[in-house]
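Here the structure is laid out as structure tokens; the discussion comes afterwards.
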Amino acid sequence: MDDGVLLCRGNGRPLHANSAARALVPETGNALAALVALLPAGAMGASRITGRWNGDLALTDGRILQVRAYHHRHPGDEGYLLIVFHDISEAHARQQELQRRHAQLRQTLVRLAGTQEQLLQSEKMASIGQLAAGVAHEINNPIGYVHSNLGSLQEYLHSLFALIEMYERALRAPDPKALLPEIDDMRARFDIDFISGDLPQLMAESREGIERVTQIVRNLKDFSYSGRDDSWKLADLHAGLDSTINIIWNELKYKVTLEKRYGKLPLVQCLPSELNQVFMNILLNAGHAIAERGKITVTTGTSTDADEVWIEIEDTGGGIPEDIQQRIFDPFFTTKPVGSGTGLGLSISYGIVKKHNGQIEVRSKAGEGSCFRITLPIRQHGRSEA
């Protein structure tokens, strides 16, 4: 036998050991006693009580043995102990190696998770950088004409105050009518009739500009609100689509005609800011796919069994060749020139939709445009709303 075997009387007196067992101890005059001395304390006593005992034994040469002791009692006497020594050094070494590799894999997984988080933040920062100029332009336009109108208003107020001062002088004069020619001259010189007609329009334009800036800020807030709150909540997807479109409209308006075909949608349990990022990525890609002039159509609806909603974003751009459609959701895959895209937008969008237990699919033909369809469950099983 490859396993060492030691046979003892029930009182622990050794009777016989095979060659494999004798090889476990140094060559001495009493190998049997040396084998008994190898046994862990309490092994024999435990086997007499329960009938068996097992445990591991580490030898000085580094080998690991599995020791099993069996007690067989004869009626009327103390019986016998059979002790088996099984070398598990290789198995133990393999287990240690597996544990070491498992620890390495866990460390690698932690590093990958950190890298993934950095990539996500990098993609978000890239998106913010892409939108910053457009948002600044959208805000700068209304702020520009509000500033110009305030300059005109300052001149109008100077003229009106001068005219009011002239009226006060006339009222305090002994003969107010004597100053009428001077008043008429001032009215003509300051073009008071034009001021009276232009002032309401100037104020209305300024109010419209401030409201435009307020709307942009509100859209930015709606777009990124849940970035500070990762709780799931019931949200209006149409509001998310509208705020996203308003944020990126400067990127699209010069070459895109936008058509909305909104159906009736219930509130959907989701992470709103993450879905807004999906809408932004797909809308921007649709705009980039249109070379000169084209159309983007956003359509929404509910499934026939009414437990899912869907959003379709369709463009009339160049389309996606069939041979690469299976790769568009792969990380770092992009058809844009080097330096023009990270290749993470659709990959991140795919992950966000999967996180919502939904699906994202694409239909496209080269030269005929593309249509991305996002399907989402209305409720997330096992999650509560914030």
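Within each chain, counting starts at residue 1; across the structure tokens, chains are named A, B, ... in the order shown, with ligands numbered 1 upward in that order.
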Write out as JSON, numbers by chain which residues come within 9 Å of Leu160 of chain A when counting only C-alpha atoms, dropping same-chain ones fewer than 3 positions away. {"A": [155, 156, 157, 163, 164, 165, 190, 192, 195]}
Given only C-alpha atoms as the counted atoms, nearest of A:Ile216, A:Val5, A:Ala136, A:Ala235 to Ile247 of chain A: A:Ile216
Using only C-alpha atoms, which residues sit within 9 Å of Glu292 of chain A once same-chain residues fewer than 6 positions away are excluded, as a PyMOL selection string? chain A and resi 254-256
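Here the residues within segment 274-386 of chain A that DSSP labels alpha helix (DSSP H) on the basis of the backbone are Glu274, Leu275, Asn276, Gln277, Val278, Phe279, Met280, Asn281, Ile282, Leu283, Leu284, Asn285, Ala286, Gly287, His288, Ala289, Gly345, Leu346, Ser347, Ile348, Ser349, Tyr350, Gly351, Ile352, Val353, Lys354 and Lys355 of chain A.
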Residue subset to file, keeping C-alpha atoms, as a PDB file, in the first residue's frame:
```
ATOM      1  CA  GLU A 274     -28.082  57.256 -15.733  1.00  0.00           C
ATOM      2  CA  LEU A 275     -30.883  56.875 -18.279  1.00  0.00           C
ATOM      3  CA  ASN A 276     -30.359  60.519 -19.279  1.00  0.00           C
ATOM      4  CA  GLN A 277     -26.752  59.607 -20.022  1.00  0.00           C
ATOM      5  CA  VAL A 278     -27.976  56.760 -22.261  1.00  0.00           C
ATOM      6  CA  PHE A 279     -30.306  59.158 -24.129  1.00  0.00           C
ATOM      7  CA  MET A 280     -27.472  61.680 -24.505  1.00  0.00           C
ATOM      8  CA  ASN A 281     -25.006  59.107 -25.879  1.00  0.00           C
ATOM      9  CA  ILE A 282     -27.449  57.768 -28.462  1.00  0.00           C
ATOM     10  CA  LEU A 283     -28.717  61.217 -29.512  1.00  0.00           C
ATOM     11  CA  LEU A 284     -25.186  62.540 -29.943  1.00  0.00           C
ATOM     12  CA  ASN A 285     -24.207  59.458 -31.954  1.00  0.00           C
ATOM     13  CA  ALA A 286     -27.291  59.997 -34.124  1.00  0.00           C
ATOM     14  CA  GLY A 287     -26.246  63.607 -34.714  1.00  0.00           C
ATOM     15  CA  HIS A 288     -22.682  62.573 -35.574  1.00  0.00           C
ATOM     16  CA  ALA A 289     -24.023  59.995 -38.055  1.00  0.00           C
ATOM     17  CA  GLY A 345     -20.469  55.662 -24.913  1.00  0.00           C
ATOM     18  CA  LEU A 346     -22.498  52.729 -26.233  1.00  0.00           C
ATOM     19  CA  SER A 347     -20.720  50.255 -23.947  1.00  0.00           C
ATOM     20  CA  ILE A 348     -21.660  52.326 -20.885  1.00  0.00           C
ATOM     21  CA  SER A 349     -25.195  52.749 -22.244  1.00  0.00           C
ATOM     22  CA  TYR A 350     -25.496  48.978 -22.687  1.00  0.00           C
ATOM     23  CA  GLY A 351     -24.353  48.427 -19.087  1.00  0.00           C
ATOM     24  CA  ILE A 352     -26.816  51.001 -17.715  1.00  0.00           C
ATOM     25  CA  VAL A 353     -29.751  49.439 -19.590  1.00  0.00           C
ATOM     26  CA  LYS A 354     -28.745  45.953 -18.383  1.00  0.00           C
ATOM     27  CA  LYS A 355     -28.514  47.352 -14.848  1.00  0.00           C
TER      28      LYS A 355
END
```
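The environment of segment 208-211 of chain A within 8 Å, counting only C-alpha atoms and disregarding residues fewer than 5 places along the same chain, consists of A:Pro142, A:Ile143, A:Tyr145, A:Val146.
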Within 10 Å of segment 50-52 of chain A using only C-alpha atoms, minus same-chain residues under 3 positions, as a list of chain:residue names: A:Ala43, A:Met44, A:Gly45, A:Ala46, A:Ser47, A:Arg68, A:Ala69, A:Tyr70, A:His71, A:His72, A:Arg73, A:Leu81, A:Leu82, A:Ile83
Would you export the selected residues with N, CA and C atoms as a PDB file, in the first residue's frame, please?
```
ATOM      1  N   ALA A  43      -5.562  11.609  19.950  1.00  0.00           N
ATOM      2  CA  ALA A  43      -6.119  10.894  18.799  1.00  0.00           C
ATOM      3  C   ALA A  43      -6.613   9.518  19.192  1.00  0.00           C
ATOM      4  N   MET A  44      -5.767   8.776  19.961  1.00  0.00           N
ATOM      5  CA  MET A  44      -6.172   7.416  20.351  1.00  0.00           C
ATOM      6  C   MET A  44      -7.354   7.442  21.304  1.00  0.00           C
ATOM      7  N   GLY A  45      -7.307   8.371  22.265  1.00  0.00           N
ATOM      8  CA  GLY A  45      -8.402   8.432  23.236  1.00  0.00           C
ATOM      9  C   GLY A  45      -9.722   8.772  22.565  1.00  0.00           C
ATOM     10  N   ALA A  46      -9.698   9.697  21.603  1.00  0.00           N
ATOM     11  CA  ALA A  46     -10.930  10.080  20.911  1.00  0.00           C
ATOM     12  C   ALA A  46     -11.465   8.925  20.082  1.00  0.00           C
ATOM     13  N   SER A  47     -10.552   8.160  19.439  1.00  0.00           N
ATOM     14  CA  SER A  47     -11.014   7.041  18.619  1.00  0.00           C
ATOM     15  C   SER A  47     -11.620   5.936  19.473  1.00  0.00           C
ATOM     16  N   ARG A  68      -6.037   8.891   9.953  1.00  0.00           N
ATOM     17  CA  ARG A  68      -7.345   8.357  10.338  1.00  0.00           C
ATOM     18  C   ARG A  68      -7.122   7.182  11.291  1.00  0.00           C
ATOM     19  N   ALA A  69      -7.828   7.214  12.414  1.00  0.00           N
ATOM     20  CA  ALA A  69      -7.718   6.146  13.421  1.00  0.00           C
ATOM     21  C   ALA A  69      -9.080   5.495  13.607  1.00  0.00           C
ATOM     22  N   TYR A  70      -9.091   4.176  13.554  1.00  0.00           N
ATOM     23  CA  TYR A  70     -10.336   3.413  13.717  1.00  0.00           C
ATOM     24  C   TYR A  70     -10.166   2.442  14.895  1.00  0.00           C
ATOM     25  N   HIS A  71     -11.126   2.422  15.775  1.00  0.00           N
ATOM     26  CA  HIS A  71     -11.074   1.525  16.939  1.00  0.00           C
ATOM     27  C   HIS A  71     -12.105   0.411  16.765  1.00  0.00           C
ATOM     28  N   HIS A  72     -11.621  -0.823  16.815  1.00  0.00           N
ATOM     29  CA  HIS A  72     -12.516  -1.994  16.729  1.00  0.00           C
ATOM     30  C   HIS A  72     -12.430  -2.755  18.043  1.00  0.00           C
ATOM     31  N   ARG A  73     -13.527  -2.812  18.744  1.00  0.00           N
ATOM     32  CA  ARG A  73     -13.535  -3.442  20.064  1.00  0.00           C
ATOM     33  C   ARG A  73     -14.107  -4.861  19.964  1.00  0.00           C
ATOM     34  N   LEU A  81      -6.637  -0.842  17.401  1.00  0.00           N
ATOM     35  CA  LEU A  81      -6.639   0.454  16.727  1.00  0.00           C
ATOM     36  C   LEU A  81      -5.941   0.307  15.380  1.00  0.00           C
ATOM     37  N   LEU A  82      -6.598   0.746  14.324  1.00  0.00           N
ATOM     38  CA  LEU A  82      -5.992   0.766  13.000  1.00  0.00           C
ATOM     39  C   LEU A  82      -5.796   2.232  12.607  1.00  0.00           C
ATOM     40  N   ILE A  83      -4.558   2.582  12.332  1.00  0.00           N
ATOM     41  CA  ILE A  83      -4.226   3.974  12.014  1.00  0.00           C
ATOM     42  C   ILE A  83      -3.662   4.014  10.602  1.00  0.00           C
TER      43      ILE A  83
END
```
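Every residue of segment 173-283 of chain A with a DSSP assignment of strand (DSSP E or B), taken from the backbone, is listed as Lys233, Leu234, Ala235, Val256, Thr257, Leu258, Glu259, Lys260, Arg261, Val268, Gln269 and Cys270 of chain A.
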Saved selection, atoms kept: C-alpha atoms, as a short mmCIF file (atom, residue, chain, number, x, y, z; two decimals), in the first residue's frame:
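Writing the result to selection.cif gives the following:
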```cif
data_model
loop_
_atom_site.label_atom_id
_atom_site.label_comp_id
_atom_site.auth_asym_id
_atom_site.auth_seq_id
_atom_site.Cartn_x
_atom_site.Cartn_y
_atom_site.Cartn_z
CA LYS A 233 -37.16 56.42 -8.02
CA LEU A 234 -40.25 56.79 -10.17
CA ALA A 235 -39.41 59.17 -13.02
CA VAL A 256 -30.89 68.11 -37.52
CA THR A 257 -34.66 68.31 -37.66
CA LEU A 258 -36.06 66.72 -34.51
CA GLU A 259 -39.44 65.04 -34.36
CA LYS A 260 -41.00 63.76 -31.14
CA ARG A 261 -43.64 61.04 -31.23
CA VAL A 268 -40.80 54.25 -14.56
CA GLN A 269 -38.71 53.04 -11.61
CA CYS A 270 -35.13 53.86 -12.56
#
```
